[in-house]
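J.: The following file, upload01.csv, comprises CSV, C-alpha atoms:
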```
chain,number,residue,atom,x,y,z
I,26,MET,CA,-5.6,0.3,-11.0
I,27,SER,CA,-7.3,3.6,-10.5
I,28,SER,CA,-5.6,6.9,-11.4
I,29,ARG,CA,-5.6,7.7,-7.7
I,30,THR,CA,-2.5,6.2,-6.1
I,31,ASN,CA,-3.0,2.7,-4.6
I,32,ILE,CA,-6.7,2.5,-5.1
I,33,SER,CA,-7.9,-0.5,-7.2
I,34,CYS,CA,-11.1,-0.2,-9.1
I,35,LEU,CA,-12.7,-3.7,-9.3
I,36,GLN,CA,-15.7,-5.1,-11.1
I,37,GLU,CA,-19.0,-5.3,-9.3
I,38,ALA,CA,-19.7,-8.7,-7.9
I,39,LYS,CA,-23.2,-9.6,-9.3
I,40,ARG,CA,-23.5,-13.4,-8.9
I,41,VAL,CA,-22.6,-15.3,-5.7
I,42,ALA,CA,-23.0,-19.0,-5.0
I,43,ILE,CA,-23.0,-20.7,-1.6
I,44,PHE,CA,-22.0,-24.3,-1.8
I,45,GLY,CA,-22.9,-26.9,0.9
I,46,GLY,CA,-22.3,-30.6,0.7
I,47,THR,CA,-19.1,-30.6,-1.2
I,48,HIS,CA,-18.5,-33.3,1.4
I,49,GLY,CA,-21.7,-35.1,2.2
I,50,ASN,CA,-21.1,-35.6,5.9
I,51,GLU,CA,-20.3,-32.0,6.9
I,52,MET,CA,-23.6,-31.0,8.2
I,53,SER,CA,-23.5,-27.2,8.9
I,54,GLY,CA,-23.2,-26.1,5.3
I,55,ILE,CA,-25.6,-28.8,4.1
I,56,THR,CA,-28.2,-27.6,6.7
I,57,LEU,CA,-27.7,-23.9,6.0
I,58,VAL,CA,-27.9,-24.3,2.2
I,59,ASN,CA,-31.0,-26.5,2.4
I,60,MET,CA,-32.6,-23.9,4.7
I,61,TRP,CA,-31.7,-21.1,2.3
I,62,ILE,CA,-33.1,-23.0,-0.7
I,63,GLN,CA,-36.4,-23.2,1.2
I,64,ASN,CA,-36.3,-19.5,2.2
I,65,SER,CA,-33.6,-17.2,0.8
I,66,ALA,CA,-34.7,-14.0,2.6
I,67,GLU,CA,-31.7,-14.2,5.0
I,68,ILE,CA,-29.1,-14.2,2.2
I,69,GLU,CA,-30.8,-11.7,-0.2
I,70,ARG,CA,-28.9,-8.5,-0.8
I,71,ASN,CA,-29.7,-5.4,-3.0
I,72,GLY,CA,-28.4,-5.9,-6.6
I,73,LEU,CA,-26.9,-9.3,-5.9
I,74,VAL,CA,-28.0,-12.8,-7.1
I,75,VAL,CA,-27.2,-15.3,-4.4
I,76,LYS,CA,-27.6,-19.0,-5.2
I,77,PRO,CA,-27.5,-21.6,-2.4
I,78,PHE,CA,-26.5,-25.0,-3.9
I,79,ILE,CA,-25.9,-28.6,-2.8
I,80,SER,CA,-22.7,-29.6,-4.6
I,81,ASN,CA,-22.6,-33.3,-4.0
I,82,PRO,CA,-26.2,-34.5,-3.5
I,83,ARG,CA,-25.5,-38.2,-3.7
I,84,ALA,CA,-22.9,-38.0,-1.0
I,85,VAL,CA,-25.3,-35.9,1.1
I,86,GLU,CA,-28.0,-38.5,0.7
I,87,LYS,CA,-25.6,-41.2,2.0
I,88,CYS,CA,-24.0,-38.9,4.6
I,89,THR,CA,-20.6,-39.8,3.3
I,90,ARG,CA,-17.6,-37.6,2.3
I,91,TYR,CA,-17.9,-38.6,-1.4
I,92,ILE,CA,-19.1,-41.4,-3.6
I,93,ASP,CA,-16.2,-42.2,-5.9
I,94,THR,CA,-13.6,-39.5,-5.4
I,95,ASP,CA,-13.1,-36.3,-3.4
I,96,LEU,CA,-15.1,-33.6,-5.2
I,97,ASN,CA,-13.0,-30.9,-3.6
I,98,ARG,CA,-10.0,-32.3,-5.5
I,99,ALA,CA,-11.8,-32.9,-8.8
I,100,PHE,CA,-11.6,-29.5,-10.6
I,101,THR,CA,-8.5,-30.2,-12.6
I,102,PRO,CA,-8.1,-29.2,-16.3
I,103,GLU,CA,-8.0,-32.9,-17.2
I,104,ASN,CA,-11.3,-33.7,-15.4
I,105,LEU,CA,-13.1,-30.6,-16.6
I,106,SER,CA,-12.1,-31.3,-20.2
I,107,ALA,CA,-12.8,-35.0,-20.1
I,108,PRO,CA,-15.4,-36.3,-22.6
I,109,ASP,CA,-18.8,-37.1,-21.3
I,110,VAL,CA,-18.6,-40.9,-21.4
I,111,GLU,CA,-20.0,-43.7,-19.4
I,112,GLY,CA,-17.9,-44.8,-16.4
I,113,LEU,CA,-16.7,-41.4,-15.3
I,114,PRO,CA,-16.4,-41.2,-11.5
I,115,TYR,CA,-19.6,-39.5,-10.1
I,116,GLU,CA,-17.6,-36.6,-8.7
I,117,VAL,CA,-15.9,-36.0,-12.0
I,118,GLN,CA,-19.3,-35.9,-13.7
I,119,ARG,CA,-20.5,-33.5,-11.0
I,120,ALA,CA,-17.4,-31.3,-11.4
I,121,LYS,CA,-18.1,-30.9,-15.1
I,122,GLU,CA,-21.8,-30.0,-14.3
I,123,ILE,CA,-20.8,-27.5,-11.7
I,124,ASN,CA,-18.2,-26.0,-14.1
I,125,ARG,CA,-20.9,-25.5,-16.7
I,126,MET,CA,-23.4,-24.0,-14.2
I,127,PHE,CA,-21.0,-21.7,-12.3
I,128,GLY,CA,-18.0,-21.3,-14.7
I,129,PRO,CA,-16.4,-22.0,-16.9
I,130,LYS,CA,-13.4,-21.9,-14.6
I,131,GLY,CA,-11.0,-19.1,-15.5
I,132,SER,CA,-13.5,-17.3,-17.8
I,133,SER,CA,-15.2,-13.9,-17.6
I,134,ASP,CA,-18.6,-15.8,-17.5
I,135,ALA,CA,-17.8,-17.5,-14.2
I,136,TYR,CA,-19.6,-16.6,-11.0
I,137,ASP,CA,-18.0,-13.7,-9.1
I,138,ALA,CA,-17.7,-15.5,-5.8
I,139,ILE,CA,-18.3,-18.9,-4.4
I,140,PHE,CA,-18.4,-19.6,-0.7
I,141,ASP,CA,-17.7,-23.3,-0.1
I,142,LEU,CA,-18.9,-24.4,3.4
I,143,HIS,CA,-17.0,-27.1,5.3
I,144,ASN,CA,-16.8,-28.6,8.7
I,145,THR,CA,-13.6,-30.0,10.3
I,146,THR,CA,-13.2,-32.4,13.2
I,147,SER,CA,-10.1,-30.4,14.1
I,148,ASN,CA,-10.1,-27.6,16.7
I,149,MET,CA,-9.7,-24.9,14.1
I,150,GLY,CA,-12.5,-22.6,15.2
I,151,SER,CA,-13.8,-20.5,12.3
I,152,THR,CA,-11.3,-20.4,9.4
I,153,LEU,CA,-11.5,-18.6,6.0
I,154,ILE,CA,-9.4,-20.2,3.2
I,155,LEU,CA,-7.9,-18.1,0.5
I,156,GLU,CA,-6.2,-19.4,-2.7
I,157,SER,CA,-4.4,-16.3,-3.7
I,158,SER,CA,-2.3,-13.6,-1.8
I,159,THR,CA,-3.0,-11.1,-4.5
I,160,ASP,CA,-6.8,-11.2,-4.7
I,161,LEU,CA,-7.6,-7.7,-3.3
I,162,PHE,CA,-11.3,-8.3,-3.2
I,163,ASN,CA,-11.0,-11.4,-1.1
I,164,LEU,CA,-8.3,-9.8,1.2
I,165,GLN,CA,-10.6,-6.9,1.9
I,166,MET,CA,-13.5,-9.2,2.4
I,167,VAL,CA,-11.7,-11.4,5.0
I,168,HIS,CA,-10.5,-8.2,6.7
I,169,TYR,CA,-14.1,-7.0,7.0
I,170,ILE,CA,-15.3,-10.4,8.3
I,171,LYS,CA,-12.5,-10.6,10.9
I,172,LYS,CA,-13.4,-7.1,12.2
I,173,ALA,CA,-17.1,-7.9,12.2
I,174,MET,CA,-16.5,-11.1,14.2
I,175,VAL,CA,-14.7,-9.5,17.1
I,176,PRO,CA,-14.5,-10.5,19.9
I,177,HIS,CA,-14.6,-14.0,18.3
I,178,THR,CA,-11.6,-15.0,16.2
I,179,CYS,CA,-11.6,-16.0,12.6
I,180,SER,CA,-8.3,-17.3,11.2
I,181,VAL,CA,-7.2,-17.1,7.6
I,182,LEU,CA,-5.5,-20.0,5.9
I,183,LEU,CA,-3.6,-19.2,2.7
I,184,ASN,CA,-3.5,-22.3,0.4
I,185,GLU,CA,-1.1,-20.9,-2.2
I,186,HIS,CA,1.8,-23.5,-2.0
I,187,PRO,CA,2.5,-24.6,-5.6
I,188,GLN,CA,2.9,-28.3,-4.8
I,189,LEU,CA,0.2,-28.5,-2.1
I,190,LYS,CA,-2.6,-26.4,-3.7
I,191,TYR,CA,-5.5,-28.6,-5.0
I,192,SER,CA,-8.3,-28.1,-7.4
I,193,THR,CA,-11.2,-27.1,-5.2
I,194,THR,CA,-14.9,-26.9,-6.0
I,195,ARG,CA,-14.9,-23.1,-5.3
I,196,SER,CA,-12.0,-22.6,-7.7
I,197,VAL,CA,-14.6,-22.2,-10.5
I,198,ALA,CA,-15.3,-18.7,-9.3
I,199,LYS,CA,-13.4,-15.5,-9.9
I,200,HIS,CA,-13.1,-15.0,-6.1
I,201,PRO,CA,-13.1,-18.4,-4.3
I,202,ILE,CA,-13.5,-18.5,-0.5
I,203,GLY,CA,-13.5,-21.6,1.6
I,204,LEU,CA,-14.9,-21.7,5.1
I,205,GLU,CA,-14.0,-24.4,7.7
I,206,VAL,CA,-15.7,-24.4,11.1
I,207,GLY,CA,-15.0,-26.9,13.8
I,208,PRO,CA,-14.6,-28.9,15.8
I,209,GLN,CA,-17.6,-30.9,14.7
I,210,PRO,CA,-17.9,-34.7,14.2
I,211,GLN,CA,-18.8,-36.0,10.7
I,212,GLY,CA,-22.5,-36.4,10.3
I,213,VAL,CA,-23.3,-34.2,13.4
I,214,LEU,CA,-24.7,-30.7,13.9
I,215,ARG,CA,-23.5,-28.5,16.7
I,216,SER,CA,-25.4,-25.3,17.3
I,217,ASN,CA,-22.3,-23.1,18.0
I,218,VAL,CA,-20.6,-24.2,14.8
I,219,PHE,CA,-23.8,-23.8,12.8
I,220,GLU,CA,-24.3,-20.2,14.1
I,221,SER,CA,-20.7,-19.2,13.5
I,222,MET,CA,-20.9,-20.3,9.9
I,223,ARG,CA,-24.2,-18.5,9.5
I,224,THR,CA,-22.8,-15.3,11.0
I,225,ILE,CA,-19.7,-15.3,8.8
I,226,LEU,CA,-21.8,-15.7,5.6
I,227,LYS,CA,-24.0,-12.7,6.8
I,228,HIS,CA,-20.9,-10.5,7.1
I,229,ALA,CA,-19.5,-11.7,3.8
I,230,LEU,CA,-22.7,-10.9,1.9
I,231,ASP,CA,-22.9,-7.5,3.7
I,232,PHE,CA,-19.4,-6.7,2.5
I,233,ILE,CA,-20.3,-7.5,-1.1
I,234,GLU,CA,-23.5,-5.4,-0.9
I,235,LEU,CA,-21.5,-2.5,0.5
I,236,PHE,CA,-18.8,-2.8,-2.2
I,237,ASN,CA,-21.5,-2.9,-4.9
I,238,SER,CA,-23.2,0.2,-3.5
I,239,GLY,CA,-20.0,2.2,-4.0
I,240,VAL,CA,-18.4,2.0,-0.5
I,241,GLU,CA,-14.6,2.4,-0.7
I,242,PHE,CA,-12.6,0.2,1.5
I,243,PRO,CA,-9.3,1.7,2.7
I,244,PRO,CA,-5.9,-0.1,2.7
I,245,CYS,CA,-5.7,-2.9,5.2
I,246,THR,CA,-3.5,-5.7,6.3
I,247,VAL,CA,-4.5,-9.3,6.9
I,248,ASP,CA,-2.7,-11.8,9.2
I,249,VAL,CA,-2.7,-15.2,7.4
I,250,PHE,CA,-1.3,-18.7,8.0
I,251,ARG,CA,0.4,-19.8,4.8
I,252,VAL,CA,0.5,-23.5,4.0
I,253,GLN,CA,3.9,-25.0,4.2
I,254,GLU,CA,4.0,-28.8,4.6
I,255,ARG,CA,1.7,-31.8,5.2
I,256,MET,CA,2.9,-34.0,8.0
I,257,ASP,CA,2.0,-37.7,7.9
I,258,TYR,CA,1.8,-40.1,10.9
I,259,PRO,CA,4.8,-42.3,11.6
I,260,ARG,CA,4.3,-45.6,9.7
I,261,ASP,CA,5.8,-49.1,9.5
I,262,THR,CA,7.2,-50.7,6.4
I,263,ASN,CA,3.7,-51.9,5.4
I,264,GLY,CA,2.3,-48.4,5.6
I,265,ASN,CA,0.4,-48.9,8.9
I,266,ILE,CA,0.2,-46.0,11.4
I,267,THR,CA,2.5,-46.5,14.4
I,268,ALA,CA,1.7,-43.4,16.4
I,269,MET,CA,-1.0,-40.9,17.4
I,270,VAL,CA,-1.0,-37.1,17.6
I,271,HIS,CA,0.6,-36.3,20.9
I,272,PRO,CA,-1.8,-35.1,23.7
I,273,HIS,CA,0.3,-31.9,23.9
I,274,LEU,CA,-0.4,-31.1,20.2
I,275,GLN,CA,-4.0,-32.4,20.1
I,276,ASP,CA,-6.6,-29.5,19.8
I,277,CYS,CA,-3.8,-26.9,19.6
I,278,ASP,CA,-4.5,-25.7,16.1
I,279,TRP,CA,-2.9,-22.3,15.3
I,280,GLU,CA,-0.6,-22.6,18.3
I,281,PRO,CA,3.2,-22.5,17.8
I,282,LEU,CA,5.1,-25.8,17.4
I,283,ASN,CA,8.7,-25.3,18.2
I,284,ARG,CA,11.7,-27.6,17.6
I,285,GLY,CA,11.8,-30.2,20.4
I,286,ASP,CA,8.1,-30.0,21.1
I,287,PRO,CA,6.1,-33.3,21.3
I,288,MET,CA,4.4,-34.2,18.0
I,289,PHE,CA,3.4,-37.9,18.1
I,290,LEU,CA,3.0,-40.6,20.7
I,291,THR,CA,3.8,-44.1,19.5
I,292,PHE,CA,1.7,-47.0,20.5
I,293,ASP,CA,4.5,-48.3,22.8
I,294,GLY,CA,4.6,-44.9,24.6
I,295,ARG,CA,7.6,-43.2,22.9
I,296,THR,CA,7.3,-39.4,22.2
I,297,VAL,CA,8.3,-38.2,18.7
I,298,LEU,CA,9.5,-34.6,18.8
I,299,TYR,CA,9.2,-32.0,16.1
I,300,GLU,CA,12.6,-31.5,14.5
I,301,GLY,CA,12.0,-28.6,12.1
I,302,ALA,CA,14.3,-25.7,12.2
I,303,ASN,CA,11.6,-23.0,12.4
I,304,THR,CA,8.5,-22.5,14.5
I,305,VAL,CA,5.4,-23.5,12.7
I,306,TYR,CA,1.7,-23.2,13.4
I,307,PRO,CA,-0.1,-26.5,12.8
I,308,THR,CA,-3.7,-26.8,11.7
I,309,PHE,CA,-6.1,-29.6,10.6
I,310,ILE,CA,-4.6,-31.5,13.5
I,311,ASN,CA,-5.9,-35.1,13.5
I,312,GLU,CA,-8.6,-34.3,11.0
I,313,ALA,CA,-10.7,-37.5,10.5
I,314,ALA,CA,-11.0,-37.1,6.8
I,315,TYR,CA,-7.3,-36.8,6.2
I,316,TYR,CA,-6.3,-40.3,7.5
I,317,GLU,CA,-6.9,-41.5,3.9
I,318,LYS,CA,-4.8,-38.7,2.6
I,319,GLN,CA,-1.9,-39.6,4.9
I,320,GLN,CA,-1.9,-36.3,6.7
I,321,ALA,CA,-1.8,-35.9,10.5
I,322,PHE,CA,-1.7,-32.1,10.3
I,323,MET,CA,-0.6,-29.2,8.1
I,324,THR,CA,2.2,-26.8,9.1
I,325,THR,CA,1.9,-23.1,8.3
I,326,CYS,CA,3.9,-19.9,8.8
I,327,ARG,CA,2.4,-16.6,9.8
I,328,GLU,CA,2.5,-13.7,7.4
I,329,ILE,CA,1.0,-10.3,7.1
I,330,LEU,CA,-0.5,-9.4,3.7
I,331,ALA,CA,-1.1,-5.8,2.6
I,332,ALA,CA,-4.0,-4.9,0.4
I,333,TYR,CA,-4.6,-1.7,-1.5
I,334,ALA,CA,-7.9,0.3,-1.1
I,335,ILE,CA,-10.6,-1.0,-3.4
I,336,ARG,CA,-13.8,0.5,-4.8
I,337,LYS,CA,-16.3,-0.5,-7.5
I,338,ALA,CA,-15.1,0.4,-11.0
I,339,CYS,CA,-17.1,3.1,-12.7
I,340,LYS,CA,-19.0,2.0,-15.8
```
Please lay out the structure from this file as structure tokens.

T.:
Amino acid sequence: MSSRTNISCLQEAKRVAIFGGTHGNEMSGITLVNMWIQNSAEIERNGLVVKPFISNPRAVEKCTRYIDTDLNRAFTPENLSAPDVEGLPYEVQRAKEINRMFGPKGSSDAYDAIFDLHNTTSNMGSTLILESSTDLFNLQMVHYIKKAMVPHTCSVLLNEHPQLKYSTTRSVAKHPIGLEVGPQPQGVLRSNVFESMRTILKHALDFIELFNSGVEFPPCTVDVFRVQERMDYPRDTNGNITAMVHPHLQDCDWEPLNRGDPMFLTFDGRTVLYEGANTVYPTFINEAAYYEKQQAFMTTCREILAAYAIRKACK
């Protein structure tokens, strides 16, 4: 903390990576990263090393989410410390390689920031994903991005729940940022989704360049949706799904779900109501990739986070 009240002096961000293809069928990030690998002019910034990177090339080649296991859940201490032996799942091998290249995770040698680019089949629009409510650099960055995106909206999902947080590809960095843009079917490119993701990355890199140049960012607040619970589909005793997302909930990401509102519609036409005590804000509604994870949607609550002013630390 600076000697000036409530101003945090943070280390310059010198190395940034942009990951596409953590999931090999999410086409916007894959296409952007491959484009930037061929010509990086668009992402170059003064005094900043920016590395575009395809994180799961085998899955990208097959246009599938993963080969053996979800790479975006593979960055656990157990996986990263596992011996290099034959028979390791491909994504565990890849996690270890990425950790060596961009980490080690939790160390001073790790990359300063990683932007991990994802698409969702849910109607989430543009969503930035934070893993910490106390990372002042990221809070100031998403505040900058949200302002720059006006009149378009950019939601912020805070994935800080101790039981629901998972070991993401981007967690190798000191400042991890996830980006979900949708709706977009798996294996498909949509121009509006592509351009939204491209624009957000431009603003993010602009912020880092400004911070590194010595610009001081004043105190700010950020409206976030904090992860609360993962809601599964109704199932029978054999584990088979017996209902669909109700049409009144479908495509209503970020809209309030109140007690007594329709939640699921069973195959025989019965409506299942939401029975929670408090209003929640669902997201990842009917995400195609989450059927295997037994998740119909995720509930969140709204919070306002406050961030101190920040500036680059003096050497």

J.: Between I:Lys130, I:Arg223, I:Arg195, I:Lys172, which is the closest to Thr56 (chain I) once you count only C-alpha atoms?

T.: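 Looking at the shortest contact to Thr56 (chain I), the residue is I:Arg223.
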
J.: Each residue of region 248-285 of chain I lying at most 9 Å from region 305-317 of chain I should get a row with its shortest atom-to-atom pair and the distance in Å to one decimal, counting only C-alpha atoms; could you produce that, ordered by chain and increasing number, as a Markdown table?

T.:
```
| residue | atom | partner | partner_atom | distance |
| --- | --- | --- | --- | --- |
| I:Phe250 | CA | I:Tyr306 | CA | 7.6 |
| I:Gln253 | CA | I:Val305 | CA | 8.8 |
| I:Asp257 | CA | I:Tyr316 | CA | 8.7 |
| I:Tyr258 | CA | I:Tyr316 | CA | 8.8 |
| I:Met269 | CA | I:Asn311 | CA | 8.5 |
| I:Val270 | CA | I:Asn311 | CA | 6.7 |
| I:Leu274 | CA | I:Ile310 | CA | 7.9 |
| I:Gln275 | CA | I:Ile310 | CA | 6.7 |
| I:Asp276 | CA | I:Ile310 | CA | 6.9 |
| I:Cys277 | CA | I:Ile310 | CA | 7.7 |
| I:Asp278 | CA | I:Thr308 | CA | 4.6 |
| I:Trp279 | CA | I:Tyr306 | CA | 5.1 |
| I:Glu280 | CA | I:Tyr306 | CA | 5.4 |
| I:Pro281 | CA | I:Tyr306 | CA | 4.7 |
| I:Leu282 | CA | I:Val305 | CA | 5.2 |
| I:Asn283 | CA | I:Val305 | CA | 6.7 |
| I:Arg284 | CA | I:Val305 | CA | 9.0 |
```

J.: Using CA of Asn97 (chain I) and CA of Leu161 (chain I) as the two end points, give the distance in Å to one decimal.

T.: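 Separation of CA of Asn97 (chain I) and CA of Leu161 (chain I): 23.8 Å.
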
J.: Using all atoms listed in the file, pick whichever of I:Phe292, I:His186, I:Asn237, I:Glu328 has the shortest atom-to-atom distance to Asn265 (chain I).

T.: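 Closest residue, counting all atoms listed in the file: I:Phe292.
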
J.: Between I:Thr47, I:Asn71, I:Ser151, I:Thr145, which has the minimum distance to Leu230 (chain I) (counting only C-alpha atoms)?

T.: I:Asn71

J.: If you count only C-alpha atoms, which residues fall within 10 Å of Leu113 (chain I), apart from same-chain ones fewer than 5 positions away, as an NGL selection string?

T.: :I and (93 or 104 or 107-108 or 118-119)

J.: Please, what distance in Å, to one decimal, runs between CA of Phe242 (chain I) and CA of Thr193 (chain I)?

T.: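 That distance, rounded to one decimal, is 28.1 Å.
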
J.: Excluding same-chain residues fewer than 6 positions from Ile62 (chain I), what lies within 9 Å of it counting all atoms listed in the file, as a list in words?

T.: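 My reading of the contact set: Lys76, Pro77 and Phe78 of chain I.
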
J.: With all atoms listed in the file as the counted atoms, please give the residues lying no more than 6 Å from Ile202 (chain I), apart from itself and same-chain residues fewer than 2 positions off, as a list in words.

T.: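 Answer for this query is Phe140, Ile154 and Leu155 of chain I.
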
J.: Identify which of the residues I:Phe232, I:Trp61, I:Phe162, I:Phe44 lies closest to Cys245 (chain I), counting only C-alpha atoms when measuring atom-to-atom distances.

T.: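 Answer, going by the shortest atom-to-atom distance: I:Phe162.
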
J.: Pick the closest to Cys326 (chain I) from I:Glu220, I:Ala268, I:Val181, I:Gly285: which is it, counting only C-alpha atoms?

T.: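 Selected residue with least distance to Cys326 (chain I): I:Val181.
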
J.: Quote the spacing between CA of Tyr333 (chain I) and CA of Thr178 (chain I) in Å to one decimal place.

T.: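 Atom-to-atom, CA of Tyr333 (chain I) to CA of Thr178 (chain I), that is 23.2 Å.
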